[in-house]
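Shown next, in structure tokens, is the structure this report addresses.
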Amino acid sequence: MEQPFCQSCAMPMTSPEEHGSNADGSANADYCCFCFKDGAFASEMTMEQMIDHCVQYLDGFNSDAGLQLTREQAVAQMREHFPTLKRWAGQ
């Protein structure tokens, strides 16, 4: 089975605690705990604002993934991938 990842920020969700929560307190299968809480997005932002937010964590991502992406490479990859995520599809 494929590892789930957040349909807003693309973060891999490797444990139940990383899943967001629905209004009834149940786990949300589509979004992480940072993007979705109590049945709503934690913050309203555009896809570009989400990319700007996510690129702040590039050093940790590079370290975890064994990569050496530059900021420009990471932003380009996010601009290509994010429109395929549920939150940003069709924008």
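By order in the structure tokens, chains are A, B, ...; within a chain, residues start at 1; ligands start at 1, following the order shown.
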Applying 12 Å and only C-alpha atoms, which residues near segment 11-14 of chain A remain after dropping the ones on its own chain fewer than 4 positions away? List them as an MDAnalysis selection string.
chainID A and resid 2:7 18:20 27:35 50:51 54:55 57:58 60:61 64:65 78 82 85
Per DSSP on the backbone, what are the strand (DSSP E) residues of chain A, as a ChimeraX atom specification?
/A:19-21,27-32,36-37,40-41
Of the candidates A:Ser15, A:Gln56, A:Gln91, A:Ser63, which shows the shortest atom-to-atom distance to Val75 of chain A, using only C-alpha atoms?
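For Val75 of chain A, the nearest of the given residues is A:Gln56.
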At what distance in Å, to one decimal, does atom CA of Cys9 of chain A lie from atom CA of Ala40 of chain A?
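Between atom CA of Ala40 of chain A and atom CA of Cys9 of chain A the gap is 14.6 Å.
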